[in-house]
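Source file: run11.txt; contents: compact mmCIF, C-alpha atoms and all ligand atoms.
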# COMPACT_ATOMS: atom_id res chain seq x y z
CA ILE A 1 24.73 -6.31 -18.85
CA VAL A 2 21.42 -4.70 -19.37
CA PRO A 3 20.68 -3.27 -22.80
CA GLU A 4 19.63 0.29 -23.40
CA MET A 5 15.94 0.45 -23.97
CA GLU A 6 12.99 2.65 -23.66
CA LYS A 7 12.16 3.02 -19.98
CA PRO A 8 8.67 1.98 -18.96
CA GLU A 9 6.76 4.74 -17.32
CA ALA A 10 7.96 5.24 -13.77
CA ALA A 11 5.47 4.80 -11.02
CA GLY A 12 5.13 8.58 -10.67
CA GLU A 13 5.79 11.27 -8.15
CA ARG A 14 5.80 10.32 -4.56
CA ASN A 15 4.60 12.75 -1.96
CA CYS A 16 6.32 13.18 1.36
CA GLY A 17 5.03 12.49 4.82
CA GLY A 18 3.45 9.15 4.02
CA ASP A 19 0.52 10.94 2.47
CA HIS A 20 -0.05 9.88 -1.09
CA SER A 21 -3.01 9.37 -3.35
CA ARG A 22 -2.01 6.17 -5.04
CA ILE A 23 -0.79 2.78 -3.95
CA LEU A 24 3.00 2.58 -3.74
CA VAL A 25 4.27 -0.64 -5.24
CA PHE A 26 7.53 -2.41 -4.39
CA VAL A 27 9.08 -5.66 -5.56
CA ARG A 28 11.35 -7.87 -3.48
CA LEU A 29 13.43 -10.65 -5.01
CA ARG A 30 14.47 -13.39 -2.61
CA PRO A 31 17.74 -15.36 -2.80
CA MET A 32 17.77 -18.64 -4.75
CA ALA A 33 16.80 -21.49 -2.43
CA LYS A 34 18.93 -24.62 -2.14
CA ARG A 35 16.12 -26.75 -3.47
CA GLU A 36 15.90 -24.53 -6.56
CA ARG A 37 19.63 -24.64 -7.13
CA ASP A 38 19.63 -28.43 -6.74
CA ALA A 39 16.92 -28.63 -9.39
CA GLY A 40 19.23 -26.84 -11.84
CA SER A 41 17.48 -23.43 -11.71
CA ARG A 42 18.82 -20.40 -13.47
CA CYS A 43 18.13 -16.89 -12.27
CA CYS A 44 15.53 -15.26 -14.52
CA VAL A 45 15.14 -11.91 -12.78
CA ARG A 46 17.51 -8.98 -12.74
CA ILE A 47 17.07 -5.81 -10.69
CA VAL A 48 18.80 -2.67 -11.84
CA ASN A 49 19.11 0.70 -10.07
CA ARG A 50 16.81 -0.45 -7.29
CA ARG A 51 13.92 0.30 -9.59
CA ASP A 52 13.83 -1.69 -12.83
CA VAL A 53 12.99 -5.38 -12.99
CA TYR A 54 13.95 -7.46 -16.04
CA LEU A 55 12.46 -10.89 -16.51
CA THR A 56 13.72 -13.52 -18.97
CA GLU A 57 12.32 -16.94 -19.54
CA PHE A 58 15.45 -19.08 -19.43
CA GLY A 59 17.87 -16.92 -17.52
CA ASN A 60 20.43 -16.82 -20.35
CA GLU A 61 22.70 -13.83 -20.80
CA ASN A 62 21.42 -13.64 -24.41
CA ASP A 63 17.87 -13.24 -23.20
CA TYR A 64 18.73 -10.00 -21.51
CA LEU A 65 20.16 -8.74 -24.80
CA ARG A 66 17.01 -9.80 -26.64
CA LEU A 67 14.78 -8.03 -24.14
CA LYS A 68 14.33 -5.07 -26.41
CA ARG A 69 12.09 -7.22 -28.57
CA LEU A 70 10.27 -8.95 -25.75
CA ARG A 71 7.37 -6.84 -24.64
CA GLY A 72 6.02 -6.85 -21.11
CA ARG A 73 9.26 -8.09 -19.55
CA HIS A 74 10.57 -4.84 -18.20
CA PHE A 75 8.88 -3.21 -15.22
CA ALA A 76 9.60 -0.23 -12.99
CA PHE A 77 8.37 0.24 -9.43
CA ASP A 78 8.66 2.73 -6.59
CA ALA A 79 11.62 0.60 -5.55
CA SER A 80 12.72 -2.92 -6.36
CA PHE A 81 14.83 -4.81 -3.84
CA PRO A 82 17.53 -7.23 -5.00
CA ASP A 83 18.12 -10.45 -3.05
CA SER A 84 20.81 -8.70 -0.99
CA ALA A 85 18.35 -6.19 0.53
CA THR A 86 18.08 -6.43 4.32
CA GLN A 87 14.87 -6.54 6.33
CA GLN A 88 15.70 -3.07 7.70
CA GLU A 89 16.14 -1.63 4.19
CA VAL A 90 12.82 -3.07 3.08
CA TYR A 91 11.10 -1.73 6.20
CA SER A 92 12.63 1.75 5.88
CA ALA A 93 11.71 2.17 2.22
CA THR A 94 8.21 0.73 2.35
CA THR A 95 6.70 1.20 5.80
CA ALA A 96 8.58 3.73 7.96
CA GLU A 97 6.64 6.69 6.51
CA LEU A 98 3.35 4.93 7.20
CA VAL A 99 4.30 4.42 10.85
CA GLU A 100 4.99 8.14 11.16
CA ALA A 101 1.60 8.90 9.59
CA VAL A 102 -0.19 6.45 11.91
CA LEU A 103 1.27 8.40 14.84
CA GLN A 104 -0.45 11.47 13.43
CA GLY A 105 -3.80 9.68 13.32
CA ARG A 106 -3.82 8.44 9.74
CA ASN A 107 -4.48 4.93 8.45
CA GLY A 108 -1.93 2.87 6.59
CA SER A 109 -1.69 -0.60 5.16
CA VAL A 110 1.02 -2.75 3.69
CA PHE A 111 0.36 -5.97 1.92
CA CYS A 112 2.67 -8.64 0.67
CA TYR A 113 1.60 -10.84 -2.16
CA GLY A 114 3.17 -13.39 -4.46
CA ALA A 115 3.27 -17.15 -5.00
CA THR A 116 3.77 -19.61 -2.16
CA GLY A 117 7.46 -19.70 -1.24
CA ALA A 118 8.20 -16.27 -2.75
CA GLY A 119 9.05 -14.66 0.61
CA LYS A 120 5.85 -13.02 1.88
CA THR A 121 5.99 -14.33 5.45
CA TYR A 122 9.74 -13.72 5.58
CA THR A 123 9.13 -10.09 4.56
CA MET A 124 6.19 -9.53 6.92
CA LEU A 125 7.06 -11.56 10.01
CA GLY A 126 10.64 -12.69 9.35
CA THR A 127 12.60 -14.78 11.83
CA VAL A 128 13.78 -14.13 15.39
CA GLU A 129 17.26 -13.26 14.02
CA ASN A 130 15.93 -11.26 11.08
CA PRO A 131 12.57 -9.80 12.08
CA GLY A 132 10.38 -8.49 9.27
CA VAL A 133 8.14 -5.49 8.62
CA MET A 134 5.56 -6.34 11.31
CA VAL A 135 8.15 -6.47 14.09
CA LEU A 136 10.26 -3.56 12.80
CA ALA A 137 7.14 -1.38 12.51
CA ILE A 138 6.17 -2.05 16.13
CA LYS A 139 9.74 -1.42 17.29
CA ASP A 140 9.86 1.87 15.40
CA LEU A 141 6.44 2.82 16.74
CA PHE A 142 7.52 2.33 20.36
CA THR A 143 10.77 4.27 19.75
CA LYS A 144 8.86 7.17 18.24
CA ILE A 145 6.29 7.17 21.03
CA ARG A 146 9.07 7.30 23.64
CA GLN A 147 10.66 10.24 21.82
CA ARG A 148 7.46 12.24 21.86
CA SER A 149 5.93 11.09 25.11
CA CYS A 150 5.57 14.74 26.12
CA ASP A 151 2.65 15.33 23.76
CA GLY A 152 0.21 12.96 25.34
CA ASN A 153 -0.34 9.36 26.26
CA HIS A 154 -0.34 6.85 23.48
CA LEU A 155 -2.26 3.60 23.67
CA VAL A 156 -1.21 0.79 21.36
CA HIS A 157 -3.56 -2.10 20.67
CA LEU A 158 -2.88 -5.10 18.46
CA SER A 159 -5.15 -7.59 16.73
CA TYR A 160 -3.96 -10.46 14.60
CA LEU A 161 -6.44 -12.36 12.49
CA GLU A 162 -6.65 -14.93 9.75
CA VAL A 163 -8.96 -15.36 6.79
CA TYR A 164 -9.00 -18.97 5.68
CA ASN A 165 -11.61 -20.54 3.46
CA GLU A 166 -13.94 -17.54 4.05
CA THR A 167 -13.69 -17.96 7.81
CA VAL A 168 -12.22 -15.21 10.01
CA ARG A 169 -10.29 -16.37 13.08
CA ASP A 170 -8.53 -14.62 15.93
CA LEU A 171 -4.84 -15.61 15.90
CA LEU A 172 -4.24 -14.20 19.40
CA SER A 173 -7.06 -16.19 20.93
CA PRO A 174 -7.99 -19.12 18.71
CA GLY A 175 -11.54 -20.30 19.09
CA ARG A 176 -14.80 -19.84 17.32
CA PRO A 177 -14.86 -18.06 13.95
CA LEU A 178 -15.51 -14.30 14.13
CA VAL A 179 -18.42 -12.53 12.51
CA LEU A 180 -17.82 -9.38 10.46
CA ARG A 181 -20.10 -6.44 11.03
CA GLU A 182 -20.26 -2.85 9.99
CA ASP A 183 -19.83 -0.07 12.51
CA LYS A 184 -18.98 3.61 12.23
CA GLN A 185 -15.28 2.87 11.71
CA GLY A 186 -16.03 0.42 8.90
CA ILE A 187 -16.05 -3.37 8.84
CA VAL A 188 -14.91 -4.94 12.11
CA ALA A 189 -14.61 -8.51 13.36
CA ALA A 190 -16.86 -8.78 16.41
CA GLY A 191 -15.11 -10.03 19.55
CA LEU A 192 -11.60 -9.78 18.10
CA THR A 193 -8.87 -9.57 20.80
CA GLN A 194 -7.47 -6.05 21.21
CA TYR A 195 -4.17 -6.67 22.94
CA ARG A 196 -2.69 -3.71 24.79
CA ALA A 197 1.01 -3.72 23.90
CA TYR A 198 3.89 -2.19 25.85
CA SER A 199 7.14 -3.53 24.38
CA THR A 200 8.63 -4.90 21.17
CA ASP A 201 9.90 -8.16 22.69
CA GLU A 202 6.50 -9.01 24.05
CA VAL A 203 4.89 -8.24 20.68
CA MET A 204 7.44 -10.31 18.79
CA ALA A 205 6.66 -13.37 20.94
CA LEU A 206 2.96 -12.74 20.47
CA LEU A 207 3.27 -12.53 16.69
CA PHE A 208 5.33 -15.71 16.35
CA GLN A 209 2.81 -17.46 18.57
CA GLY A 210 -0.05 -16.07 16.48
CA ASN A 211 1.63 -17.30 13.31
CA GLN A 212 1.75 -20.80 14.84
CA ASN A 213 -2.02 -20.55 15.13
CA ARG A 214 -2.48 -20.11 11.38
CA THR A 215 -4.30 -22.91 9.61
CA THR A 216 -2.13 -25.72 8.26
CA GLU A 217 -2.85 -28.23 5.52
CA PRO A 218 -3.74 -31.64 7.06
CA THR A 219 -0.97 -33.29 5.02
CA ARG A 220 1.69 -30.75 6.00
CA ALA A 221 1.03 -29.85 9.59
CA ASN A 222 4.23 -27.80 9.95
CA GLU A 223 3.53 -25.49 7.06
CA THR A 224 1.05 -22.64 7.08
CA SER A 225 -1.58 -23.26 4.45
CA SER A 226 -0.85 -21.41 1.26
CA ARG A 227 -4.50 -20.33 1.33
CA SER A 228 -4.30 -18.52 4.67
CA HIS A 229 -4.27 -14.71 4.81
CA ALA A 230 -2.94 -13.08 8.00
CA ILE A 231 -3.74 -9.49 9.00
CA LEU A 232 -2.05 -7.63 11.84
CA GLN A 233 -3.84 -4.47 12.92
CA VAL A 234 -2.04 -1.94 15.09
CA VAL A 235 -4.21 0.83 16.50
CA VAL A 236 -2.54 3.86 18.04
CA GLU A 237 -4.72 6.19 20.04
CA TYR A 238 -3.67 9.36 21.82
CA ARG A 239 -5.01 12.61 23.17
CA VAL A 240 -3.61 16.06 22.61
CA LYS A 241 -4.77 19.57 23.45
CA ASP A 242 -5.36 21.84 20.49
CA ALA A 243 -4.76 25.61 20.40
CA ALA A 244 -8.19 26.26 21.98
CA MET A 245 -7.35 23.82 24.81
CA ASN A 246 -9.88 21.29 23.56
CA VAL A 247 -8.94 17.67 24.06
CA VAL A 248 -8.59 15.94 20.71
CA ASN A 249 -8.57 12.16 20.38
CA ARG A 250 -6.57 10.84 17.43
CA VAL A 251 -6.65 7.26 16.20
CA GLY A 252 -4.34 5.84 13.53
CA LYS A 253 -4.57 2.28 12.28
CA LEU A 254 -1.81 0.31 10.57
CA SER A 255 -2.75 -2.95 8.85
CA LEU A 256 0.03 -5.34 7.86
CA ILE A 257 -1.14 -8.16 5.63
CA ASP A 258 0.50 -11.44 4.63
CA LEU A 259 -1.70 -12.66 1.77
CA ALA A 260 -2.31 -16.24 0.67
CA GLY A 261 -0.21 -17.62 -2.19
CA SER A 262 -1.30 -15.95 -5.42
CA GLU A 263 -0.55 -18.92 -7.71
CA ARG A 264 -3.31 -19.43 -10.27
CA ALA A 265 -5.61 -17.15 -8.30
CA LEU A 266 -5.05 -13.79 -9.89
CA ALA A 267 -6.53 -13.56 -13.34
CA THR A 268 -6.75 -10.40 -15.40
CA ASP A 269 -9.64 -11.12 -17.69
CA GLN A 270 -13.19 -11.81 -16.62
CA ARG A 271 -13.42 -15.09 -18.55
CA THR A 272 -10.46 -16.65 -16.77
CA LEU A 273 -11.80 -15.26 -13.50
CA ARG A 274 -15.14 -16.99 -14.03
CA SER A 275 -13.57 -20.32 -14.93
CA LEU A 276 -11.45 -20.12 -11.79
CA GLU A 277 -14.43 -19.38 -9.60
CA GLY A 278 -15.77 -22.87 -10.22
CA ALA A 279 -12.52 -24.47 -9.14
CA ASN A 280 -11.72 -24.83 -5.48
CA ILE A 281 -9.38 -21.90 -5.17
CA ASN A 282 -9.10 -18.90 -2.97
CA ARG A 283 -12.30 -16.88 -3.15
CA SER A 284 -10.80 -14.01 -1.22
CA LEU A 285 -7.91 -13.63 -3.67
CA LEU A 286 -10.24 -13.81 -6.64
CA ALA A 287 -12.37 -11.11 -5.05
CA LEU A 288 -9.23 -9.06 -4.43
CA SER A 289 -8.31 -9.25 -8.12
CA SER A 290 -11.87 -8.24 -9.09
CA CYS A 291 -11.67 -5.23 -6.75
CA ILE A 292 -8.27 -4.21 -8.12
CA ASN A 293 -9.60 -4.51 -11.67
CA ALA A 294 -12.64 -2.38 -10.81
CA LEU A 295 -10.49 0.23 -9.02
CA VAL A 296 -8.03 0.44 -11.91
CA GLU A 297 -10.86 0.79 -14.41
CA GLY A 298 -12.41 3.53 -12.26
CA LYS A 299 -15.71 1.63 -11.82
CA ARG A 300 -18.33 3.15 -9.51
CA HIS A 301 -19.17 -0.18 -7.91
CA ILE A 302 -16.27 -2.01 -6.29
CA PRO A 303 -17.29 -5.58 -5.29
CA TYR A 304 -15.84 -5.55 -1.74
CA ARG A 305 -18.71 -7.66 -0.45
CA ASN A 306 -17.66 -10.70 -2.46
CA SER A 307 -15.26 -12.00 0.19
CA LYS A 308 -14.18 -11.66 3.81
CA LEU A 309 -10.74 -10.42 2.81
CA THR A 310 -12.01 -7.62 0.59
CA GLN A 311 -14.50 -6.54 3.26
CA LEU A 312 -11.66 -6.28 5.76
CA LEU A 313 -9.43 -4.46 3.23
CA LYS A 314 -12.10 -2.06 2.00
CA ASP A 315 -10.56 0.91 3.87
CA SER A 316 -7.09 0.03 2.69
CA LEU A 317 -7.94 -0.25 -0.99
CA GLY A 318 -10.42 2.49 -1.62
CA GLY A 319 -10.59 4.48 1.60
CA SER A 320 -8.62 7.24 3.26
CA CYS A 321 -5.41 5.31 3.76
CA ASN A 322 -1.74 5.22 2.75
CA THR A 323 -1.38 1.89 0.97
CA VAL A 324 1.76 -0.03 0.08
CA MET A 325 2.06 -3.30 -1.81
CA ILE A 326 5.12 -5.47 -1.73
CA ALA A 327 5.26 -8.11 -4.46
CA ASN A 328 7.53 -11.02 -3.57
CA ILE A 329 9.22 -13.05 -6.28
CA SER A 330 11.58 -16.01 -6.61
CA PRO A 331 14.63 -15.71 -8.89
CA SER A 332 14.25 -19.21 -10.35
CA ASN A 333 13.24 -19.78 -13.97
CA LEU A 334 11.16 -22.70 -12.67
CA SER A 335 8.80 -20.05 -11.22
CA PHE A 336 8.84 -17.92 -14.37
CA GLY A 337 5.07 -18.05 -14.95
CA GLU A 338 4.22 -17.12 -11.37
CA THR A 339 6.79 -14.33 -11.30
CA GLN A 340 5.42 -12.91 -14.54
CA ASN A 341 1.91 -13.02 -13.11
CA THR A 342 3.00 -11.33 -9.86
CA LEU A 343 4.87 -8.58 -11.74
CA HIS A 344 1.91 -8.07 -14.01
CA TRP A 345 -0.36 -7.51 -10.98
CA ALA A 346 2.16 -5.27 -9.26
CA ASP A 347 2.34 -3.19 -12.43
CA ARG A 348 -1.44 -2.93 -12.53
CA ALA A 349 -1.67 -1.93 -8.88
CA LYS A 350 0.43 1.20 -9.61
CA GLN A 351 -2.64 2.64 -11.31
CA ILE A 352 -4.93 2.46 -8.27
CA ARG A 353 -5.75 5.92 -6.95
CA THR A 354 -6.68 6.18 -3.30
CA LYS A 355 -8.49 8.95 -1.46
CA ALA A 356 -6.44 11.60 0.31
CA CYS A 357 -5.36 10.24 3.66
CA GLU A 358 -7.04 12.22 6.42
CA VAL A 359 -6.38 12.44 10.13
CA ASN A 360 -8.96 10.55 12.23
CA GLU A 361 -9.71 12.87 15.10
CA GLU A 362 -12.53 13.72 17.39
CA THR A 363 -12.81 16.66 19.76
CA LEU A 364 -13.88 15.47 23.18
CA PRO A 365 -16.17 17.40 25.46
CA VAL A 366 -14.11 19.09 28.20
CA PRO A 367 -15.15 20.00 31.72
CA GLU A 368 -16.65 23.51 31.52
CA SER A 369 -14.16 25.07 33.94
CA GLU A 370 -11.33 24.22 31.55
CA THR A 371 -12.69 25.92 28.50
CA ASP A 372 -11.73 29.42 27.51
CA GLN A 373 -15.39 30.30 27.48
CA ALA A 374 -15.74 29.27 31.11
CA LYS A 375 -12.70 31.32 32.05
CA LEU A 376 -14.14 34.30 30.24
CA LEU A 377 -17.42 33.91 32.10
CA LEU A 378 -15.58 33.80 35.41
CA GLU A 379 -13.75 37.01 34.59
CA LEU A 380 -16.96 38.72 33.56
CA GLN A 381 -18.54 37.70 36.82
CA LYS A 382 -15.59 39.14 38.78
CA GLU A 383 -15.87 42.43 36.94
CA ASN A 384 -19.58 42.76 37.78
P1 LIG B 401 5.76 -17.35 1.49
O1 LIG B 401 5.29 -16.83 2.80
O2 LIG B 401 5.64 -16.38 0.37
O3 LIG B 401 5.14 -18.68 1.13
P2 LIG B 401 8.28 -17.62 2.87
O4 LIG B 401 8.39 -16.25 3.40
O5 LIG B 401 7.86 -18.68 3.81
O6 LIG B 401 7.34 -17.65 1.57
O7 LIG B 401 9.69 -17.96 2.18
C1 LIG B 401 10.04 -19.24 1.70
C2 LIG B 401 11.45 -19.61 2.20
O8 LIG B 401 12.41 -18.68 1.70
C3 LIG B 401 11.57 -19.54 3.71
O9 LIG B 401 12.41 -20.57 4.14
C4 LIG B 401 12.22 -18.20 3.97
O10 LIG B 401 12.94 -18.17 5.17
C5 LIG B 401 13.10 -18.01 2.75
N1 LIG B 401 13.24 -16.59 2.36
C6 LIG B 401 12.28 -15.85 1.79
N2 LIG B 401 12.72 -14.59 1.54
C7 LIG B 401 13.99 -14.54 1.98
C8 LIG B 401 15.00 -13.52 1.99
N3 LIG B 401 14.77 -12.28 1.53
N4 LIG B 401 16.21 -13.84 2.51
C9 LIG B 401 16.43 -15.08 3.01
N5 LIG B 401 15.54 -16.08 3.01
C10 LIG B 401 14.32 -15.84 2.50
MG MG B 402 3.81 -17.64 4.07

Can you dump the structure from the file as structure tokens?
Ligand code: ADP
Ligand code: MG
Amino acid sequence: IVPEMEKPEAAGERNCGGDHSRILVFVRLRPMAKRERDAGSRCCVRIVNRRDVYLTEFGNENDYLRLKRLRGRHFAFDASFPDSATQQEVYSATTAELVEAVLQGRNGSVFCYGATGAGKTYTMLGTVENPGVMVLAIKDLFTKIRQRSCDGNHLVHLSYLEVYNETVRDLLSPGRPLVLREDKQGIVAAGLTQYRAYSTDEVMALLFQGNQNRTTEPTRANETSSRSHAILQVVVEYRVKDAAMNVVNRVGKLSLIDLAGSERALATDQRTLRSLEGANINRSLLALSSCINALVEGKRHIPYRNSKLTQLLKDSLGGSCNTVMIANISPSNLSFGETQNTLHWADRAKQIRTKACEVNEETLPVPESETDQAKLLLELQKEN
């Protein structure tokens, strides 16, 4: 039973076609884990109408009735997924539009954030039986390319990289750390593997292998470090002829990001931020929260340069890009503080405005004989 109460402001109008000027924000609640149930957890999150999220401290029925008086415990997002939501539902609602836009030469990015164990990797990569957003996006991309193969040849390239402890590594070809440098497309990791992909199965194997290459904590060699960020970049390039028979090259880039665990790392006020900077915690996540704060406050200077992660995400946060955030949360009252923090950040991210998402295209020089002008010249010559 959820009490009647004043609705928080909805996230706002959503434009069609994957072209929007603000970050779309989604929340996904995962099922209660056995270990949480064994520890006597109660569920402290309730999702209503696939939109509203109610959070109570102790998970009592009475708490929900008292919610009216508890401020800051009711949130609304573009969509909120209950623990019964399938991988396909999450993909369709959050990312499918972005894949369509990437095929038209636009950039898109999706990032998952939340505390360790909240379901980020499950949402992004998933399992072999229940593949997540990364795999479903590639599958959808190949299906769509097959359907429209008549309008040109599409090239699909993948890169999969990790940011760990301010070091960038290639997950498809582990080796020396990569150096970031600026080129005309933005910040790129020099020497990063660009894998030419042909089929979903092959990509799925590649991604699971890449995930195995993520950094692990020395004490827990089987678990990916909670401080590791993984970024999958899918670049789709194709050529079409425009009305004037010019060859146009279009390039769309989709970035799918599984962020490090956000516990203790995301602070709202500058004082807490500074005290955290001294401690040995994730510099990239701190920098991300500083950038989000600056973007929300409409600051002219956004401190992207403060970390590797924010340099790599510069385009996605403040550039011409369709951006989606998925906040992952646990239902257990034992994670109440982390869930509240995650929901707070998700709520804040709704205010970030992005630039209009433009098509990346370039008209290529064509052999003279193919241009209309050349044909015209030929005809003139014949007439003389
Ligand atoms: P994170 O990457 O945020 O640290 P994981 O994605 O590894 O968390 O999730 C922690 C555990 O919960 C994993 O065993 C995962 O399989 C499981 N899990 C997470 N989300 C779901 C879900 N929606 N449905 C079923 N199991 C899930
Ligand atoms: Mg993970």

Proximity to A:Thr342 - best of A:Asn322, A:Gln185, A:Ser262, A:Gln147, all atoms listed in the file:
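For A:Thr342, the nearest of the candidates is A:Ser262.
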
Nearby residues, (-1.8, -23.4, 15.7) file frame, 12 Å, only C-alpha atoms, as an MDAnalysis selection string:
chainID A and resid 162 169:175 208:217 221:225

Separation of atom CA of A:Gly319 from atom CA of A:Ala356 in Å:
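Pair atom CA of A:Ala356 / atom CA of A:Gly319 returns 8.3 Å.
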
Return as a PyMOL selection string the residues of protein, DNA or RNA that approach ligand MG 402 (chain B) to within 7 Å, with all atoms listed in the file taken into account.
chain A and resi 116-117+119-121+224+226

Export of prior selection with C-alpha atoms as a compact mmCIF listing (two decimals), in the coordinates of the input:
# COMPACT_ATOMS: atom_id res chain seq x y z
CA THR A 116 3.77 -19.61 -2.16
CA GLY A 117 7.46 -19.70 -1.24
CA GLY A 119 9.05 -14.66 0.61
CA LYS A 120 5.85 -13.02 1.88
CA THR A 121 5.99 -14.33 5.45
CA THR A 224 1.05 -22.64 7.08
CA SER A 226 -0.85 -21.41 1.26

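Distances from A:Tyr113, A:Tyr54, A:Tyr91, A:Phe75 to ligand LIG 401 (chain B) were compared using only C-alpha atoms and all ligand atoms, and the smallest one belongs to A:Tyr113.
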
So the first atom is atom CA of A:Lys34 and the second is atom C2 of ligand LIG 401 (chain B); what is the distance between them in Å, to one decimal place?
10.0 Å

Distance atom CA of A:Ala287-atom CA of A:Leu309, one decimal place?
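So the answer is 8.1 Å.
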
Point (-10.1, -2.1, -3.9), cut-off 7 Å, counting only C-alpha atoms, residues as a PyMOL selection string:
chain A and resi 291-292+295+302+314+317-318

Output C-alpha atoms of each residue in that selection to a file, as a tab-separated table (two decimals), in the coordinates of the input.
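This is the output file selection08.tsv:
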chain	number	residue	atom	x	y	z
A	291	CYS	CA	-11.67	-5.23	-6.75
A	292	ILE	CA	-8.27	-4.21	-8.12
A	295	LEU	CA	-10.49	0.23	-9.02
A	302	ILE	CA	-16.27	-2.01	-6.29
A	314	LYS	CA	-12.10	-2.06	2.00
A	317	LEU	CA	-7.94	-0.25	-0.99
A	318	GLY	CA	-10.42	2.49	-1.62

Determine, counting all atoms listed in the file, which protein, DNA and RNA residues have an atom within 10 Å of an atom of A:Met204; residues of the same chain fewer than 4 positions away are not included. Present the result as a list in words.
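My reading of the contact set: Leu125, Thr127, Val128, Pro131, Met134, Val135, Leu136, Ile138, Lys139, Ser199, Thr200, Phe208, Gln209 and Gly210 of chain A.
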